[in-house]
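J.: Contents of input-v2.tsv (TSV, C-alpha atoms and all ligand atoms) are below:
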chain	number	residue	atom	x	y	z
A	211	MET	CA	-29.75	49.00	-30.84
A	212	GLN	CA	-33.25	50.39	-31.38
A	213	PHE	CA	-36.14	50.24	-28.95
A	214	LYS	CA	-38.02	48.02	-31.40
A	215	ASP	CA	-35.31	45.35	-30.96
A	216	ILE	CA	-35.98	45.10	-27.23
A	217	ILE	CA	-38.52	42.67	-25.81
A	218	GLY	CA	-41.43	44.23	-23.87
A	219	GLN	CA	-40.70	47.08	-21.40
A	220	GLN	CA	-43.09	49.45	-23.21
A	221	ALA	CA	-43.59	51.73	-20.18
A	222	ILE	CA	-39.83	52.17	-19.69
A	223	LYS	CA	-39.30	52.88	-23.39
A	224	LYS	CA	-42.01	55.55	-23.27
A	225	HIS	CA	-40.50	57.09	-20.15
A	226	LEU	CA	-37.04	57.26	-21.73
A	227	ILE	CA	-38.34	58.78	-24.96
A	228	ASP	CA	-40.35	61.33	-22.95
A	229	THR	CA	-37.22	62.49	-21.11
A	230	VAL	CA	-35.71	63.36	-24.49
A	231	SER	CA	-38.80	65.00	-25.99
A	232	HIS	CA	-39.37	67.03	-22.80
A	233	ASN	CA	-35.69	67.92	-22.57
A	234	ARG	CA	-35.35	66.31	-19.16
A	235	VAL	CA	-32.43	63.96	-19.72
A	236	SER	CA	-30.68	63.59	-16.38
A	237	HIS	CA	-26.87	63.54	-16.61
A	238	ALA	CA	-26.47	60.48	-14.36
A	239	GLN	CA	-29.04	57.70	-14.45
A	240	LEU	CA	-29.03	54.31	-12.79
A	241	PHE	CA	-30.88	51.64	-14.77
A	242	LEU	CA	-31.74	49.18	-12.05
A	243	GLY	CA	-33.31	45.85	-12.95
A	244	PRO	CA	-32.81	42.12	-12.45
A	245	GLU	CA	-30.62	40.05	-14.75
A	246	GLY	CA	-32.26	39.26	-18.08
A	247	CYS	CA	-34.75	42.17	-18.01
A	248	GLY	CA	-33.02	44.03	-20.86
A	249	SER	CA	-31.62	46.99	-18.92
A	250	LEU	CA	-28.32	47.08	-20.84
A	251	ALA	CA	-30.18	46.94	-24.16
A	252	LEU	CA	-32.46	49.77	-22.98
A	253	ALA	CA	-29.48	51.93	-21.99
A	254	ILE	CA	-27.88	51.43	-25.41
A	255	ALA	CA	-31.13	52.12	-27.27
A	256	TYR	CA	-31.66	55.24	-25.14
A	257	ALA	CA	-28.15	56.50	-25.92
A	258	GLN	CA	-28.71	55.81	-29.62
A	259	TYR	CA	-32.03	57.68	-29.48
A	260	ILE	CA	-30.45	60.69	-27.79
A	261	CYS	CA	-27.77	60.92	-30.49
A	262	CYS	CA	-29.98	60.07	-33.50
A	263	ALA	CA	-30.13	62.85	-36.11
A	264	TYR	CA	-33.68	62.02	-37.27
A	265	LYS	CA	-35.56	60.84	-34.20
A	266	LEU	CA	-38.94	59.22	-34.77
A	267	PRO	CA	-41.69	59.60	-32.14
A	268	ASN	CA	-41.09	56.08	-30.79
A	269	ASP	CA	-37.58	55.16	-31.82
A	270	SER	CA	-34.30	56.22	-33.36
A	271	CYS	CA	-34.22	56.24	-37.17
A	272	GLY	CA	-31.71	53.39	-37.53
A	273	GLU	CA	-30.45	54.99	-40.75
A	274	CYS	CA	-28.47	58.12	-39.91
A	275	ALA	CA	-24.68	58.07	-39.59
A	276	SER	CA	-24.93	58.15	-35.80
A	277	CYS	CA	-27.40	55.25	-35.66
A	278	LYS	CA	-25.27	53.15	-38.00
A	279	LYS	CA	-22.26	53.53	-35.70
A	280	TYR	CA	-24.40	52.93	-32.64
A	281	GLN	CA	-25.76	49.72	-34.16
A	282	LYS	CA	-22.21	48.38	-34.22
A	283	LEU	CA	-21.38	50.01	-30.85
A	284	ILE	CA	-18.48	51.84	-32.50
A	285	HIS	CA	-19.64	55.46	-32.21
A	286	PRO	CA	-16.62	57.48	-30.96
A	287	ASP	CA	-18.77	59.27	-28.36
A	288	LEU	CA	-20.23	56.05	-26.95
A	289	HIS	CA	-18.06	54.71	-24.14
A	290	PHE	CA	-18.42	51.48	-22.23
A	291	SER	CA	-17.11	50.32	-18.92
A	292	PHE	CA	-17.70	46.84	-17.50
A	293	PRO	CA	-16.17	44.30	-15.11
A	294	PHE	CA	-13.17	42.45	-16.49
A	295	PHE	CA	-10.22	40.44	-15.25
A	296	ALA	CA	-7.28	42.84	-14.97
A	297	LYS	CA	-4.06	41.17	-16.09
A	298	ASP	CA	-2.07	43.88	-14.30
A	299	LYS	CA	-2.82	47.05	-12.35
A	300	ASP	CA	-2.86	49.21	-15.50
A	301	ASP	CA	-5.28	47.03	-17.42
A	302	VAL	CA	-8.52	48.80	-18.47
A	303	ALA	CA	-11.86	47.76	-19.97
A	304	SER	CA	-11.08	49.35	-23.35
A	305	ASN	CA	-8.51	46.59	-23.92
A	306	TYR	CA	-11.47	44.19	-24.19
A	307	ILE	CA	-13.79	46.41	-26.21
A	308	SER	CA	-13.80	44.19	-29.32
A	309	ASP	CA	-14.88	41.17	-27.25
A	310	TRP	CA	-17.45	43.34	-25.52
A	311	ARG	CA	-18.92	44.64	-28.78
A	312	GLN	CA	-19.15	41.14	-30.14
A	313	ALA	CA	-20.73	39.70	-26.97
A	314	VAL	CA	-23.29	42.50	-26.60
A	315	THR	CA	-24.17	42.60	-30.29
A	316	GLN	CA	-24.78	38.85	-30.21
A	317	ASN	CA	-26.77	38.97	-27.00
A	318	PRO	CA	-27.61	42.25	-25.25
A	319	TYR	CA	-29.25	40.18	-22.49
A	320	LEU	CA	-25.95	38.60	-21.52
A	321	GLY	CA	-25.17	37.78	-17.91
A	322	LEU	CA	-21.85	38.23	-16.14
A	323	ASP	CA	-21.03	34.55	-16.54
A	324	SER	CA	-21.57	34.54	-20.28
A	325	TRP	CA	-19.35	37.63	-20.47
A	326	ARG	CA	-16.67	35.82	-18.44
A	327	TYR	CA	-17.08	32.82	-20.67
A	328	SER	CA	-16.66	34.87	-23.85
A	329	LEU	CA	-13.34	36.19	-22.48
A	330	ASN	CA	-12.33	32.63	-21.69
A	331	VAL	CA	-11.47	33.47	-18.06
A	332	ASP	CA	-14.16	31.48	-16.37
A	333	ASN	CA	-12.83	31.41	-12.82
A	334	LYS	CA	-11.06	34.73	-12.58
A	335	GLN	CA	-12.20	37.54	-10.33
A	336	PHE	CA	-13.82	40.35	-12.31
A	337	ASN	CA	-14.02	43.94	-11.22
A	338	ILE	CA	-13.83	47.55	-12.36
A	339	ASN	CA	-10.42	48.53	-11.09
A	340	ILE	CA	-8.90	51.85	-10.09
A	341	ALA	CA	-7.04	52.17	-13.43
A	342	GLU	CA	-10.40	51.85	-15.20
A	343	SER	CA	-11.93	54.60	-13.05
A	344	HIS	CA	-9.07	56.93	-13.96
A	345	HIS	CA	-9.33	55.94	-17.60
A	346	ILE	CA	-13.04	56.83	-17.58
A	347	ILE	CA	-12.24	60.25	-16.18
A	348	SER	CA	-9.64	60.91	-18.85
A	349	ARG	CA	-11.88	59.66	-21.68
A	350	LEU	CA	-14.76	61.83	-20.57
A	351	SER	CA	-12.60	64.91	-20.29
A	352	LEU	CA	-12.36	64.98	-24.09
A	353	LYS	CA	-14.87	66.95	-26.14
A	354	PRO	CA	-17.42	64.93	-28.10
A	355	PHE	CA	-16.01	63.93	-31.48
A	356	GLU	CA	-19.16	63.79	-33.56
A	357	ALA	CA	-22.31	63.82	-31.45
A	358	GLU	CA	-23.83	66.45	-29.24
A	359	TYR	CA	-23.43	64.11	-26.27
A	360	LYS	CA	-20.77	61.72	-25.15
A	361	ILE	CA	-22.29	58.87	-23.24
A	362	MET	CA	-20.68	56.46	-20.80
A	363	ILE	CA	-22.59	53.23	-20.24
A	364	MET	CA	-21.23	51.36	-17.25
A	365	TRP	CA	-22.45	47.79	-16.91
A	366	LEU	CA	-22.56	46.34	-13.40
A	367	PRO	CA	-21.17	49.21	-11.29
A	368	GLU	CA	-21.59	46.74	-8.39
A	369	TYR	CA	-18.10	45.60	-9.35
A	370	LEU	CA	-16.55	49.02	-8.80
A	371	VAL	CA	-15.76	47.95	-5.24
A	372	ASN	CA	-13.42	50.57	-3.76
A	373	SER	CA	-12.41	52.23	-6.96
A	374	GLY	CA	-15.80	53.90	-7.41
A	375	ASN	CA	-15.07	56.87	-5.21
A	376	ALA	CA	-12.65	58.23	-7.79
A	377	LEU	CA	-15.64	58.65	-10.10
A	378	LEU	CA	-17.94	60.49	-7.70
A	379	LYS	CA	-16.96	63.97	-8.75
A	380	ILE	CA	-17.39	63.32	-12.45
A	381	ILE	CA	-20.75	61.60	-11.86
A	382	GLU	CA	-21.92	64.53	-9.75
A	383	GLU	CA	-20.59	67.27	-11.98
A	384	PRO	CA	-19.85	65.84	-15.40
A	385	ALA	CA	-18.54	68.01	-18.18
A	386	ASP	CA	-21.18	69.64	-20.33
A	387	LYS	CA	-23.08	67.24	-22.62
A	388	THR	CA	-21.80	64.16	-20.84
A	389	LEU	CA	-24.17	61.44	-19.72
A	390	PHE	CA	-23.59	58.56	-17.35
A	391	LEU	CA	-25.87	55.54	-17.71
A	392	LEU	CA	-25.15	52.95	-15.03
A	393	VAL	CA	-26.74	49.55	-15.55
A	394	ALA	CA	-27.01	47.62	-12.28
A	395	GLN	CA	-28.78	44.56	-10.91
A	396	ASN	CA	-28.39	44.78	-7.14
A	397	GLN	CA	-28.97	48.07	-5.40
A	398	GLU	CA	-27.66	46.75	-2.08
A	399	GLN	CA	-24.28	45.99	-3.64
A	400	LEU	CA	-23.82	49.52	-4.96
A	401	LEU	CA	-21.88	52.26	-3.25
A	402	ASN	CA	-24.41	54.56	-1.56
A	403	THR	CA	-22.37	57.52	-2.66
A	404	ILE	CA	-23.07	56.54	-6.26
A	405	ILE	CA	-26.77	55.82	-5.76
A	406	SER	CA	-27.29	59.22	-4.18
A	407	ARG	CA	-25.77	60.94	-7.22
A	408	THR	CA	-27.96	59.24	-9.82
A	409	GLN	CA	-31.56	59.26	-10.91
A	410	ILE	CA	-32.90	55.71	-10.64
A	411	VAL	CA	-34.84	54.14	-13.51
A	412	LYS	CA	-36.35	50.93	-12.13
A	413	ILE	CA	-36.77	48.24	-14.76
A	414	PRO	CA	-39.05	45.31	-13.95
A	415	LYS	CA	-38.43	41.70	-14.90
A	416	LEU	CA	-40.01	40.66	-18.19
A	417	GLY	CA	-43.55	39.40	-18.33
A	418	TYR	CA	-44.35	35.77	-19.06
A	419	THR	CA	-45.90	36.51	-22.46
A	420	ASP	CA	-42.89	38.62	-23.47
A	421	VAL	CA	-40.55	35.69	-22.84
A	422	VAL	CA	-42.84	33.22	-24.65
A	423	GLY	CA	-43.03	35.62	-27.60
A	424	PHE	CA	-39.24	35.96	-27.74
A	425	LEU	CA	-38.62	32.21	-27.60
A	426	THR	CA	-41.15	31.31	-30.27
A	427	THR	CA	-40.15	34.17	-32.59
A	428	HIS	CA	-36.38	34.28	-32.17
A	429	LYS	CA	-35.42	30.81	-30.98
A	430	ASN	CA	-37.81	28.67	-33.03
A	431	THR	CA	-39.09	27.10	-29.86
A	432	THR	CA	-42.42	25.28	-29.96
A	433	PRO	CA	-45.17	27.16	-28.09
A	434	GLU	CA	-45.36	24.41	-25.47
A	435	LYS	CA	-41.62	24.40	-24.81
A	436	ALA	CA	-41.55	28.23	-24.81
A	437	GLN	CA	-44.26	28.29	-22.15
A	438	GLN	CA	-42.35	25.86	-19.96
A	439	ILE	CA	-39.07	27.72	-20.26
A	440	ALA	CA	-40.74	31.10	-19.78
A	441	TYR	CA	-42.28	29.83	-16.61
A	442	LEU	CA	-39.10	28.33	-15.21
A	443	SER	CA	-36.97	31.34	-16.12
A	444	ASN	CA	-39.24	33.74	-14.23
A	445	GLY	CA	-38.86	36.77	-16.48
A	446	ASN	CA	-35.10	36.40	-16.95
A	447	LEU	CA	-34.30	36.26	-20.65
A	448	HIS	CA	-30.70	35.35	-19.93
A	449	THR	CA	-31.81	32.27	-17.97
A	450	ALA	CA	-34.35	31.37	-20.66
A	451	GLN	CA	-31.58	31.36	-23.26
A	452	GLU	CA	-29.34	29.34	-20.95
A	453	TYR	CA	-32.04	26.69	-20.54
A	454	ILE	CA	-32.24	26.38	-24.31
A	455	ALA	CA	-28.46	26.28	-24.73
A	456	HIS	CA	-28.07	23.60	-22.08
A	457	GLU	CA	-31.17	21.63	-22.87
A	458	GLU	CA	-29.22	18.38	-22.77
A	459	ASN	CA	-28.70	18.88	-19.01
A	460	ASN	CA	-31.54	17.28	-17.26
A	461	TYR	CA	-31.86	19.59	-14.29
A	462	HIS	CA	-35.15	18.01	-13.29
A	463	GLU	CA	-33.88	14.44	-12.88
A	464	THR	CA	-30.73	15.64	-11.10
A	465	PHE	CA	-32.69	17.88	-8.77
A	466	VAL	CA	-35.26	15.22	-7.84
A	467	MET	CA	-32.50	12.71	-7.15
A	468	TRP	CA	-30.66	15.19	-4.94
A	469	MET	CA	-33.78	15.95	-2.93
A	470	ARG	CA	-34.47	12.23	-2.60
A	471	HIS	CA	-30.99	11.55	-1.19
A	472	CYS	CA	-31.27	14.46	1.23
A	473	VAL	CA	-34.78	13.58	2.46
A	474	GLN	CA	-33.64	10.05	3.15
A	475	ASN	CA	-30.26	11.19	4.50
A	476	ARG	CA	-28.31	8.71	2.41
A	477	GLY	CA	-24.75	9.79	3.21
A	478	ILE	CA	-22.87	7.88	0.51
A	479	ASP	CA	-25.35	8.82	-2.21
A	480	ILE	CA	-25.17	12.47	-1.17
A	481	VAL	CA	-21.37	12.50	-1.32
A	482	ASN	CA	-21.39	10.80	-4.73
A	483	GLN	CA	-23.91	13.23	-6.08
A	484	VAL	CA	-22.02	16.21	-4.68
A	485	ASP	CA	-19.00	14.95	-6.66
A	486	GLU	CA	-21.09	14.92	-9.82
A	487	LEU	CA	-22.63	18.33	-9.18
A	488	ALA	CA	-19.18	19.80	-8.51
A	489	LYS	CA	-18.09	18.73	-12.00
A	490	MET	CA	-20.98	20.44	-13.79
A	491	GLY	CA	-19.16	23.71	-14.50
A	492	ARG	CA	-20.15	26.97	-12.95
A	493	GLU	CA	-22.57	28.10	-15.61
A	494	ASN	CA	-24.55	24.90	-15.22
A	495	GLN	CA	-24.37	25.01	-11.44
A	496	LYS	CA	-25.91	28.47	-11.51
A	497	ASN	CA	-28.66	27.29	-13.87
A	498	PHE	CA	-29.24	24.34	-11.62
A	499	PHE	CA	-29.70	26.57	-8.57
A	500	ARG	CA	-31.95	28.90	-10.54
A	501	TYR	CA	-34.02	25.90	-11.45
A	502	GLY	CA	-34.20	24.93	-7.75
A	503	ILE	CA	-35.10	28.49	-6.70
A	504	ASN	CA	-37.98	28.57	-9.18
A	505	LEU	CA	-39.27	25.19	-8.03
A	506	MET	CA	-39.18	26.32	-4.40
A	507	ARG	CA	-41.04	29.47	-5.43
A	508	GLU	CA	-43.76	27.17	-6.77
A	509	ALA	CA	-43.71	25.12	-3.58
A	510	VAL	CA	-44.21	28.33	-1.57
A	511	LEU	CA	-47.20	29.26	-3.75
A	512	CYS	CA	-48.60	25.77	-3.41
A	513	LEU	CA	-48.20	25.77	0.40
A	514	SER	CA	-49.66	29.23	0.81
A	515	GLY	CA	-52.81	28.08	-0.95
A	516	THR	CA	-52.21	29.88	-4.25
A	517	PRO	CA	-53.06	27.50	-7.07
A	518	ILE	CA	-50.08	26.53	-9.21
A	519	LEU	CA	-50.26	28.17	-12.59
A	520	ILE	CA	-51.11	25.75	-15.33
A	521	HIS	CA	-47.95	26.59	-17.30
A	522	LEU	CA	-45.77	24.52	-14.98
A	523	PRO	CA	-44.51	21.53	-16.97
A	524	ASP	CA	-46.04	18.17	-16.00
A	525	LYS	CA	-42.89	16.70	-14.46
A	526	GLU	CA	-42.28	19.77	-12.30
A	527	LEU	CA	-45.94	20.00	-11.34
A	528	ASP	CA	-45.98	16.38	-10.27
A	529	PHE	CA	-42.79	16.79	-8.22
A	530	ILE	CA	-43.94	19.98	-6.52
A	531	SER	CA	-47.34	18.55	-5.57
A	532	LYS	CA	-45.61	15.61	-3.91
A	533	PHE	CA	-42.69	17.50	-2.41
A	534	SER	CA	-44.95	20.16	-0.88
A	535	LYS	CA	-46.53	17.48	1.29
A	536	ILE	CA	-43.33	17.04	3.26
A	537	LEU	CA	-42.55	20.76	3.44
A	538	THR	CA	-43.88	23.65	5.46
A	539	LEU	CA	-44.07	27.19	4.14
A	540	ALA	CA	-41.13	28.18	6.37
A	541	LYS	CA	-39.02	25.24	5.15
A	542	ALA	CA	-39.71	25.97	1.48
A	543	GLU	CA	-38.74	29.60	2.04
A	544	SER	CA	-35.56	28.58	3.89
A	545	ILE	CA	-34.55	26.24	1.07
A	546	ALA	CA	-35.16	28.94	-1.55
A	547	THR	CA	-33.03	31.37	0.48
A	548	GLU	CA	-30.21	28.83	0.79
A	549	PHE	CA	-30.31	28.22	-2.97
A	550	GLU	CA	-30.14	31.96	-3.60
A	551	LYS	CA	-27.11	32.23	-1.33
A	552	ALA	CA	-25.49	29.26	-3.07
A	553	HIS	CA	-26.13	30.85	-6.47
A	554	TYR	CA	-24.48	34.04	-5.21
A	555	HIS	CA	-21.44	32.14	-3.91
A	556	ILE	CA	-21.03	30.14	-7.12
A	557	GLU	CA	-20.93	33.41	-8.98
A	558	ARG	CA	-18.14	34.50	-6.68
A	559	ASN	CA	-15.94	31.48	-7.21
A	560	ALA	CA	-16.91	29.38	-4.17
A	561	ASN	CA	-15.47	25.87	-4.12
A	562	PRO	CA	-18.38	23.91	-5.65
A	563	LYS	CA	-17.72	20.69	-3.74
A	564	ILE	CA	-17.75	22.38	-0.34
A	565	LEU	CA	-20.74	24.48	-1.35
A	566	PHE	CA	-22.88	21.57	-2.56
A	567	LEU	CA	-21.97	19.56	0.51
A	568	ASP	CA	-22.94	22.46	2.79
A	569	VAL	CA	-26.26	22.91	1.02
A	570	SER	CA	-26.90	19.16	1.15
A	571	LEU	CA	-26.32	19.07	4.91
A	572	MET	CA	-28.66	22.02	5.32
A	573	LEU	CA	-31.29	20.16	3.28
A	574	VAL	CA	-30.86	16.99	5.35
A	575	LYS	CA	-31.39	19.04	8.51
A	576	LEU	CA	-34.39	20.91	7.16
A	577	LEU	CA	-36.06	17.88	5.65
A	578	LYS	CA	-35.41	15.60	8.60
A	579	PHE	CA	-38.44	13.82	10.02
A	580	ASN	CA	-38.52	11.58	13.04
A	581	THR	CA	-41.55	10.08	11.43
A	582	PHE	CA	-42.81	11.00	8.00
A	583	PRO	CA	-46.28	12.57	7.88
A	584	ALA	CA	-48.90	9.85	7.34
A	585	GLY	CA	-48.99	8.51	3.81
A	586	THR	CA	-45.87	10.32	2.66
A	587	GLN	CA	-43.15	7.73	3.33
A	588	HIS	CA	-42.72	6.86	-0.32
A	589	ILE	CA	-43.38	10.23	-1.83
A	590	LEU	CA	-39.92	10.79	-3.23
A	591	VAL	CA	-38.86	7.20	-3.70
B	1	ZN	ZN	-30.71	57.91	-36.42
Spit out the file's structure as structure tokens when you get a sec.
T.:
Amino acid sequence: MQFKDIIGQQAIKKHLIDTVSHNRVSHAQLFLGPEGCGSLALAIAYAQYICCAYKLPNDSCGECASCKKYQKLIHPDLHFSFPFFAKDKDDVASNYISDWRQAVTQNPYLGLDSWRYSLNVDNKQFNINIAESHHIISRLSLKPFEAEYKIMIMWLPEYLVNSGNALLKIIEEPADKTLFLLVAQNQEQLLNTIISRTQIVKIPKLGYTDVVGFLTTHKNTTPEKAQQIAYLSNGNLHTAQEYIAHEENNYHETFVMWMRHCVQNRGIDIVNQVDELAKMGRENQKNFFRYGINLMREAVLCLSGTPILIHLPDKELDFISKFSKILTLAKAESIATEFEKAHYHIERNANPKILFLDVSLMLVKLLKFNTFPAGTQHILV
């Protein structure tokens, strides 16, 4: 992976290259950025740059023996660790390295769910177990085979849970010429003992124009469609790709109908729709909640007097202008928070039927009116 293959993030790329040219490469770095911002891709490109034999001012050469192995993620001094479903207590991430190489080569912006999906273990609990921590220690105790540096890229150290402490010593005092690049999304879910031992590289979400550019150039999306998806995906390239992959799912119609049932507190309709939503599959349920979170974000902007950006697709714009009339700022924020929690629980294997029913009841409560504000009785009908 070269820096030129990564969308946007020019300031981060420059920073990373500067650490190499100024000889200030820290031995343990935490790449911290939201899903779909490209942090894993940046870590790989950085590692490739560090090991490249003929570095260019702005990128690795892409041609040397090291780069060629890095491009395929098969360099013997490049190590990966990532969450996986352990079949037994001795199972380690290396047992899934071929699947990992294939998944990351195909899409370095992958999310945890797409990784789960590619291993065909959709509902299993993923983590980085104690056997994996010990395996990392033993792998890194070897001398580099070919490169000056051996580099461990750990994706989602949030999933280390209690096994992370075994790694503290090696992160704090790694062997000479050993680098740790941790790629995380949620700082609050990381062990503090790990955060305090790393240098944090904060990676922002992608800009709107970066996502539009990617979709039109790499996904053959029309400019209009690219603008809509870029807007709804809110700088998350993983989500943007998911919207394209699941375009047949009409999140908008489903979402509007759900809101309509909840506003009008139609018990039977809510239960029937919850049944349908529960059958969607987890990937789709997460997309659906992301869609809802982004719409509520728009409602918050609308209610706080910030004009809605013109990129919002017509259908969504129409819905939000109407829906905002029966919301308050506090209610819109509460709904967004509940959707975020629901998204989190779906990711962690919550029972979808119970979850959707819970969220529906919360919506009924929040959207309940003794009398509708004047002129709004038929807004959602
Ligand atoms: Zn090279």
J.: Grab me every residue within 7 Å of ligand ZN 1 (chain B), counting only C-alpha atoms and all ligand atoms, and send it over as an MDAnalysis selection string.
T.: chainID A and resid 262:265 270:277
J.: So how many Å separate CA of Tyr418 (chain A) and CA of His448 (chain A), to one decimal?
T.: 13.7 Å
J.: Compare A:Lys578, A:Lys297, A:Val411, A:Phe355 by their minimum atom-to-atom distance to Ser249 (chain A), counting all atoms listed in the file, and give me the closest one.
T.: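 Closest to Ser249 (chain A), using all atoms listed in the file: A:Val411.
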J.: Would you please work out which residue, of A:Asn561, A:Gln395, A:Gln451, A:Asn402, is nearest to Gln495 (chain A) when using only C-alpha atoms?
T.: A:Asn561
J.: Go through A:Ala251, A:Leu577, A:Ala488, A:Met506 and flag the residue nearest Ile556 (chain A), using all atoms listed in the file for the distances.
T.: A:Ala488
